[in-house]
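Please read the structure below before turning to the comments.
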Amino acid sequence: MIGGLGRASSKTLGPGDLAPLDPLDLNTHPLALADAMPDLLVEAKKLAASLVAGLHGRRSAGTGQSFWQYRPYGPGDPSARIDWRRSARGDQLFVREMEWESAHTVRLSVDMSASMRFASPDAREPKRDRAILMALALASMLTRSGERVGLIGGERPRTGAAALSTMTRELVLRDTDKTGRQRWLDMAGVRPREDVVIFSDFLFDRDERKRLIDQLSARGARAHLVQIIDPVEEAFPFRGRTRFEPASRHESPILSGRAESWQQPYKTLFRAFCEELKGLARSRGWSHTQSHTDRTAATPMLALHEALARVRDR
Amino acid sequence: MSVFGFSFLAPLALLGLVALPALWWLLRATPPAPSRTVFPPLRLLAGLVSDEETPVKTPWWLIALRLALLTLLILAFAGPIWRAASPVALPGEENTPLLIVLETGWSSAADWETRLERTGQIIAAADASDRPMAVVASPQPDATAPLPGDAAAAQAVLTGLQPHAARQDWAALLDRLEGLLASPGWQGAALVWIGDGLAFPERSAERLAALSQDHPITLLDMPYVEVALTLERGADGPAARLHAVAADEAVDTTRLQVDETEGDARRLVAFDGSGRTLGSAALAGSDGIAQDRIAFDLPRDLRNDIARIAVVPTRHAGEVLLVDDRAERRRVGIVSGEAADQAQPLLAGSTYVERALRPISDVAVPRTGDVSAEIAGLIEEGVDVLMLVDAASLIPSTVRRLEDWMERGGVLVRFASSGLTQSTDGLLPVPLRAVDRQLGGTLTWEEPQAIAAFAPQSPFFGLTIPEDVRVTRQVLSEPGAALASRTYAELADATPLATGMPRGNGHLILFHITADTDWSNLPLSGLFPTMLQRLIDLSVPNAATGTFAPAQAETSAQSAPADLTASLAPRQTLDGFGRLTAPPSHVEALVPGSQSEHASLATPPGFYGPAASTLALNLFEEAPDLRPLSQEQIDTIGASLLAPQTEQSFNLRPTLITLIVVLALIDAVIMLVITGALRGLGRRAAQTTASLALALPLAAALIMALPQSGWAQSRDGENGELERLLAAVNTTRLAFVLTGDAEVDQRSREGMSGITRVLAQRTAFEPGEPMAIDPAEDELSIFPLIYWAMPEAPIAVAVELGTRIDAYMNNGGTSLFDTRDEAANPLSASISPQTANLRTLLAALDIPPLEPVPEDHVLTKAFYLLDCFPGRFGSGPLWVEALPEDGQTANRPARGGDGVSPILITGNDFASAWALSSDGRALYATSPPDPVQREFAYRTGVNIGMYVMTGNYKADQVHVPALLERLVR
């Protein structure tokens, strides 16, 4: 069914081929990201605060940095671990134990391609803004609970507020830098058992999509696919003679004499596409979340959060 | 160009039809423009393309609709006219020339358009059969002898024609025709006669019959006029006599059958000289038949104003009568020996006489103070009646002149005065006693006398005498045999009140009382004007004006040359449609007494001569012989009659435009449906397409409909004038006169604007922005003060302008004249161009005596206390109307006279001193540059502003402290 996707143009569309949209087309040309970013940050923090307040410590001794408890020195403990200051207060020797911390790394990937800049009149914001909003909100939540967060293809993941600011900076830079946009697919730095969250509309070429997923599963990462959907893409509300134009210049427009007659077939196709994505994720034990830009971001955010926690707990 | 009964006004536009196949191809190839939308999941859609064939072709019916629309558009541009015209049967052989005779006199104007159209049809028919032709129109100023030509030349002659308000000159026309037809080129020519539907005069019919031997004549059966008017003067004023065209000899020719409905619509209306309606009468009487004589029931003074009587709506010149006032209004001169009675007119006898006479006659009051010169001047002007008020003794030369004048028919009315009893001039109907008689005084025991009833032989017989009229003083006559017969009016005790006697053709009348209210209250009563009216009726109009006749050339040697007085230049003439217009170039001057005194082509009906003594010329002086063309006469002439074509041509363009608009709307709706724009109106692309499709044919239709909307613009013009008036009335504004000198006008504007701001800041008087006015055109009475800067270029002052400004000043307005040359003494010897202009202007005005503002004038105290009135210059005085010397007010601190001085004259260039920039800085330096002088200039402006608004109120106001003091006590 989805086999038709690749046939529209003989050329295969690589993510790098995505060109900026016609700058005169105001519907699909949102504010430059640098301008929108402060608002997005505030929104993201609000969103994060409204959700469950972060991940918790492991509540067991481990190799963390923070103190957990003293315990009496037992046979087998290396003498270097004796806490002399505590032991000097009594006759007994004590060993200082740190809390075990799952110094977990979560990598985020935001699709910045041209199709993500689209926003239909019904949508609250362009898809890209939604993706960044959710990414920042997630990063904010994760750093608060001590996780290491970073962008795919960016600097190494960090903890704390630094991670958020690094991400913000990198996103702004990528928006303006043409070559930087394709880094979101650069999975080279991903290590096994890391969580990878991908925010995209996944509307690129089928082969490309398959390669991305293969790469991720080969590296043993646990991926979370967040599919951003514009309402128009799902409902197809067009009527009459309509010329559908691509988001990037590399595709050719399609003319429909009676767009309303295409509605049902298209809806079927789109549902199948979503099912396929979901199937891909499920078969690998990954999560798949849909976020509609005409609805609130909180619901998919909660689902994503739970998915992250579930994967972690397993 | 004519196809199947259609003809086209612009057949070239039909070439557009050639482009239709190309349009067909274009319309087929181009589908309606799609709505555009960006759609990221395009790859998903790609799978659907093969599912359904996109209908890129426009449906055939849409193409058909648009082709129909375009075809109609092209046809509409071509201006189709449906004309079910049948071929015109032309007289004469094939290929012989055709002479078209078109009558263009007064009787052809009523259906002028039809006449032109019929002529055009004849020309077209002749053109279709390739006959040479020419048009001869008569009466027309240029009587050329045309050669046979083609249709274009004939049509060109036709387009230049206008009907003339003249009767057909049959002899001249037939001479012309006979000469023309005898000339080579016109052998065997046939005539088409487009007449006025009236019968030919007998002699002309005979000559035409002779012509028709060689030249077949076809008469077009044209409608004829219904009625012509002649003027009658009766006791009830000018009246119109209606002469109807009678179809049947048996019917009374003077009676006109008037259609009920038409009788309602058509009325006989009397207009005055400026076109105002004075009276109106229905054409039809109660029996539906037109009255043969219609007069207007109007008061006498209004009746005298009738200048034009016309059937409304007017169809031709025969329905218009022009009336001059030769016969009606008497010219009356008032000569007063009282000196300087200007300041207190109610104490002057001439005022009462003038007021009484003004409505019923043309009054001339010279007021120079020189009685002899005034009398001489008035007699030269040709007055019918002279009123001598308070002129006791006349010098012998004047007496001779008056006697001569009375011999010719002048009426001299004298009023008694205290000095009359010593009079030696002898111009009295009865000898007077040396002393006058006083009744009802302190030292007399006689009561003031009433007036006795008028005797039957008195000219005043029949007038009602008010009971409260009393005479307290009179001059008495010596008793004598003649006294009884010469007494026109007497008091209750049989002493004379008015005596009179005929002198030659004229009259000499003496009132034994004064014309003012000192000796009696008669001048205040309603009896006074009626008595004067009776006396004026004694005069024979124009009888006394023989002075200018060539026979008495020695008396008028110094006046106008004889040939100028003899010929009267045309002022306004009637055109064929009965409209008064400026005389066309072929109109000649009218010489009274000559042949030209009858209306003709060269001297059409109209007004001739100067405005004061206009001569009105009418089309008919006596009843015209109006009969419709009879069958016998046609037979006599040997002509054939061509019946009129009844079919009307029908212009199809409006219908086509309506169709186009409807089709365009349908197309637009279809476009909306097809593009789906009806559902989502937010789709800009679809909207643009639809509106374009809608707009183009609509715009085309509107362009074609444009010429009909011309009237709307003229309405706007009227509204603009109204708005301007409203703007001037809603706020009190100062005004300044546009002199035509841009710099002067600019300064006036800035200056008046500046003083307006100063007034608003400093006083309770807050005028609106000053207005620029043209005193010859604009309404003046709405402005309290008009500032008039004199330009350097010489100005011309029309008489009308002078009277307008006089009226303005008399009605309480104030004009501030500024010569801007510092030496503002208008009496000084050295004259600047501005002062010369001021003199020119003042010469046309009725100016009271002037004086520089005296120390105690209210202008010095109206708001600020001022002792000088500087502007840009400081030294010039400000001139105002001289205040009357009055002993009672001499010790008052301020005097204001009885009103506001109608005129202020300065040379100090006020406007330049008052001019302020938008940020409140002065624009022009004073001379010398002195801030104090500028401040005083502002104060001058404020005082003038307050003075014109409050009048002498301030003069009373200065007594308030004294009054308060008295109240406190």
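All residue names refer to the structure tokens as shown: chains lettered A, B, ... in order, residues numbered from 1 in each chain, ligands numbered from 1 in order.
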May I have the residues of chain A within 7 Å of chain B, counting only C-alpha atoms, written as an NGL selection string? :A and (4-6 or 8 or 115 or 203 or 233 or 239-247 or 256-257 or 266 or 269)
Apply DSSP to the structure's backbone, then extract all residues of range 469-555 of chain B labelled strand (DSSP E) and return them as a CSV table (one decimal) with N, CA and C atoms, in the first residue's frame.
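Dumped to out_28.csv:
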chain,number,residue,atom,x,y,z
B,473,ARG,N,-49.7,122.0,9.5
B,473,ARG,CA,-49.1,123.3,9.0
B,473,ARG,C,-49.3,123.2,7.5
B,474,GLN,N,-49.5,124.3,6.8
B,474,GLN,CA,-49.6,124.2,5.4
B,474,GLN,C,-49.3,125.6,4.8
B,475,VAL,N,-49.0,125.7,3.5
B,475,VAL,CA,-48.9,127.0,2.9
B,475,VAL,C,-50.3,127.3,2.3
B,476,LEU,N,-50.7,128.5,2.3
B,476,LEU,CA,-52.0,128.9,1.8
B,476,LEU,C,-51.9,129.6,0.5
B,477,SER,N,-52.9,129.4,-0.3
B,477,SER,CA,-53.0,130.1,-1.6
B,477,SER,C,-53.8,131.3,-1.5
B,487,THR,N,-57.7,122.8,-7.3
B,487,THR,CA,-57.5,122.1,-6.0
B,487,THR,C,-57.8,120.6,-6.3
B,488,TYR,N,-56.8,119.9,-6.0
B,488,TYR,CA,-56.9,118.4,-6.2
B,488,TYR,C,-57.3,117.8,-4.9
B,489,ALA,N,-56.8,118.4,-3.8
B,489,ALA,CA,-57.2,117.8,-2.5
B,489,ALA,C,-57.3,119.0,-1.5
B,490,GLU,N,-58.2,118.9,-0.6
B,490,GLU,CA,-58.3,120.0,0.4
B,490,GLU,C,-58.5,119.4,1.8
B,496,PRO,N,-56.6,124.4,0.7
B,496,PRO,CA,-56.0,123.4,-0.2
B,496,PRO,C,-54.9,122.6,0.4
B,497,LEU,N,-54.9,121.3,0.1
B,497,LEU,CA,-53.8,120.4,0.5
B,497,LEU,C,-52.9,120.2,-0.7
B,498,ALA,N,-53.5,119.9,-1.9
B,498,ALA,CA,-52.8,119.7,-3.1
B,498,ALA,C,-53.5,120.5,-4.2
B,499,THR,N,-52.7,121.2,-4.9
B,499,THR,CA,-53.3,121.9,-6.1
B,499,THR,C,-52.5,121.5,-7.3
B,500,GLY,N,-53.1,121.7,-8.5
B,500,GLY,CA,-52.3,121.3,-9.7
B,500,GLY,C,-53.0,121.8,-10.9
B,501,MET,N,-52.3,121.8,-12.0
B,501,MET,CA,-52.9,122.2,-13.3
B,501,MET,C,-52.1,121.6,-14.4
B,502,PRO,N,-52.8,121.4,-15.5
B,502,PRO,CA,-52.0,120.9,-16.7
B,502,PRO,C,-51.1,121.9,-17.2
B,503,ARG,N,-49.9,121.5,-17.7
B,503,ARG,CA,-49.0,122.5,-18.3
B,503,ARG,C,-48.6,121.8,-19.6
B,506,GLY,N,-48.0,118.1,-19.9
B,506,GLY,CA,-47.7,117.6,-18.6
B,506,GLY,C,-48.5,118.2,-17.5
B,507,HIS,N,-48.1,118.1,-16.3
B,507,HIS,CA,-48.8,118.6,-15.2
B,507,HIS,C,-47.8,119.3,-14.2
B,508,LEU,N,-48.4,120.2,-13.5
B,508,LEU,CA,-47.6,120.9,-12.4
B,508,LEU,C,-48.5,120.7,-11.1
B,509,ILE,N,-47.9,120.1,-10.1
B,509,ILE,CA,-48.7,119.8,-8.9
B,509,ILE,C,-47.9,120.3,-7.7
B,510,LEU,N,-48.7,120.8,-6.8
B,510,LEU,CA,-48.0,121.3,-5.5
B,510,LEU,C,-48.7,120.7,-4.3
B,511,PHE,N,-48.0,120.1,-3.5
B,511,PHE,CA,-48.5,119.7,-2.2
B,511,PHE,C,-48.3,120.9,-1.2
Identify, on the basis of only C-alpha atoms, every residue whose closest approach to Leu108 in chain A does not exceed 12 Å; exclude the query and any residue fewer than 6 positions from it along the same chain; express the result as a PyMOL selection string. chain A and resi 131-132+134-140+142+148-157+163-164+167-168+170-171+183-187+189-190+194-200+222-226
Long-range neighbours of Gly146 in chain A as an NGL selection string, 7 Å cut-off, only C-alpha atoms, 3 positions minimum in chain: :A and (142-143 or 159-160)
Output for the residues just chosen: N, CA and C atoms as a tab-separated table (two decimals), in the first residue's frame:
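Below you can see out31.tsv, which holds the result:
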chain	number	residue	atom	x	y	z
A	142	LEU	N	13.95	15.98	31.96
A	142	LEU	CA	15.00	14.99	32.16
A	142	LEU	C	16.17	15.58	32.94
A	143	THR	N	16.57	16.78	32.59
A	143	THR	CA	17.71	17.36	33.31
A	143	THR	C	17.36	17.59	34.76
A	159	THR	N	24.37	16.99	31.77
A	159	THR	CA	23.31	17.04	32.78
A	159	THR	C	23.03	18.49	33.12
A	160	GLY	N	21.93	18.67	33.81
A	160	GLY	CA	21.64	19.98	34.36
A	160	GLY	C	21.27	21.02	33.30
Which polymer residues have any atom within 12 Å of an atom of Ser50 in chain A, counting only C-alpha atoms, with same-chain residues fewer than 3 positions away left out, as a count of residues only? 16
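Excluding range 728-743 of chain B and any residue on its chain fewer than 5 positions from it, the residues at most 6 Å away by only C-alpha atoms are Pro767, Gly768, Pro770, Met771, Ala772, Ile773, Asp774, Leu785, Ile786, Tyr787 and Trp788 of chain B.
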Restricted to C-alpha atoms, what would the selected residues look like written as an mmCIF file, in the first residue's frame?
data_model
loop_
_atom_site.group_PDB
_atom_site.id
_atom_site.type_symbol
_atom_site.label_atom_id
_atom_site.label_comp_id
_atom_site.auth_asym_id
_atom_site.auth_seq_id
_atom_site.Cartn_x
_atom_site.Cartn_y
_atom_site.Cartn_z
ATOM 1 C CA PRO B 767 -14.429 83.325 14.173
ATOM 2 C CA GLY B 768 -13.896 80.326 11.897
ATOM 3 C CA PRO B 770 -11.522 83.175 7.000
ATOM 4 C CA MET B 771 -12.964 82.589 3.573
ATOM 5 C CA ALA B 772 -11.780 83.850 0.254
ATOM 6 C CA ILE B 773 -14.577 85.398 -1.761
ATOM 7 C CA ASP B 774 -15.168 86.800 -5.190
ATOM 8 C CA LEU B 785 -16.224 92.068 7.647
ATOM 9 C CA ILE B 786 -14.688 91.848 4.216
ATOM 10 C CA TYR B 787 -11.039 92.754 3.915
ATOM 11 C CA TRP B 788 -10.171 94.090 0.526
#
Would you mind listing what lies within 8 Å of range 222-225 of chain B as a PDB file with N, CA and C atoms, in the first residue's frame, with only C-alpha atoms counted and same-chain residues fewer than 6 positions away left out?
ATOM      1  N   SER B 107     -40.984  77.350 -36.617  1.00  0.00           N
ATOM      2  CA  SER B 107     -42.010  76.320 -36.558  1.00  0.00           C
ATOM      3  C   SER B 107     -41.420  74.916 -36.703  1.00  0.00           C
ATOM      4  N   SER B 108     -40.099  74.839 -36.955  1.00  0.00           N
ATOM      5  CA  SER B 108     -39.508  73.516 -37.124  1.00  0.00           C
ATOM      6  C   SER B 108     -38.777  73.051 -35.878  1.00  0.00           C
ATOM      7  N   ALA B 110     -39.918  72.495 -32.817  1.00  0.00           N
ATOM      8  CA  ALA B 110     -40.624  71.655 -31.864  1.00  0.00           C
ATOM      9  C   ALA B 110     -40.252  70.186 -32.023  1.00  0.00           C
ATOM     10  N   ASP B 111     -40.087  69.746 -33.269  1.00  0.00           N
ATOM     11  CA  ASP B 111     -39.684  68.344 -33.474  1.00  0.00           C
ATOM     12  C   ASP B 111     -38.410  68.317 -34.325  1.00  0.00           C
ATOM     13  N   ILE B 194     -38.871  69.299 -46.854  1.00  0.00           N
ATOM     14  CA  ILE B 194     -39.151  68.954 -45.449  1.00  0.00           C
ATOM     15  C   ILE B 194     -39.572  70.250 -44.772  1.00  0.00           C
ATOM     16  N   GLY B 195     -40.850  70.465 -44.758  1.00  0.00           N
ATOM     17  CA  GLY B 195     -41.375  71.746 -44.297  1.00  0.00           C
ATOM     18  C   GLY B 195     -41.771  71.696 -42.838  1.00  0.00           C
ATOM     19  N   ASP B 196     -42.656  72.632 -42.454  1.00  0.00           N
ATOM     20  CA  ASP B 196     -43.087  72.683 -41.065  1.00  0.00           C
ATOM     21  C   ASP B 196     -44.530  72.232 -40.915  1.00  0.00           C
ATOM     22  N   GLY B 197     -45.092  71.662 -41.996  1.00  0.00           N
ATOM     23  CA  GLY B 197     -46.450  71.152 -41.896  1.00  0.00           C
ATOM     24  C   GLY B 197     -47.502  72.227 -41.987  1.00  0.00           C
ATOM     25  N   LEU B 198     -47.080  73.492 -42.182  1.00  0.00           N
ATOM     26  CA  LEU B 198     -48.038  74.586 -42.304  1.00  0.00           C
ATOM     27  C   LEU B 198     -48.231  74.911 -43.787  1.00  0.00           C
ATOM     28  N   VAL B 245     -53.228  76.644 -34.484  1.00  0.00           N
ATOM     29  CA  VAL B 245     -53.285  76.232 -35.875  1.00  0.00           C
ATOM     30  C   VAL B 245     -54.561  75.411 -36.046  1.00  0.00           C
ATOM     31  N   PRO B 628     -52.728  74.534 -41.326  1.00  0.00           N
ATOM     32  CA  PRO B 628     -51.960  73.374 -41.740  1.00  0.00           C
ATOM     33  C   PRO B 628     -52.010  73.205 -43.253  1.00  0.00           C
ATOM     34  N   PRO B 644     -45.185  59.988 -43.056  1.00  0.00           N
ATOM     35  CA  PRO B 644     -44.081  59.730 -42.126  1.00  0.00           C
ATOM     36  C   PRO B 644     -43.972  58.252 -41.805  1.00  0.00           C
TER      37      PRO B 644
END
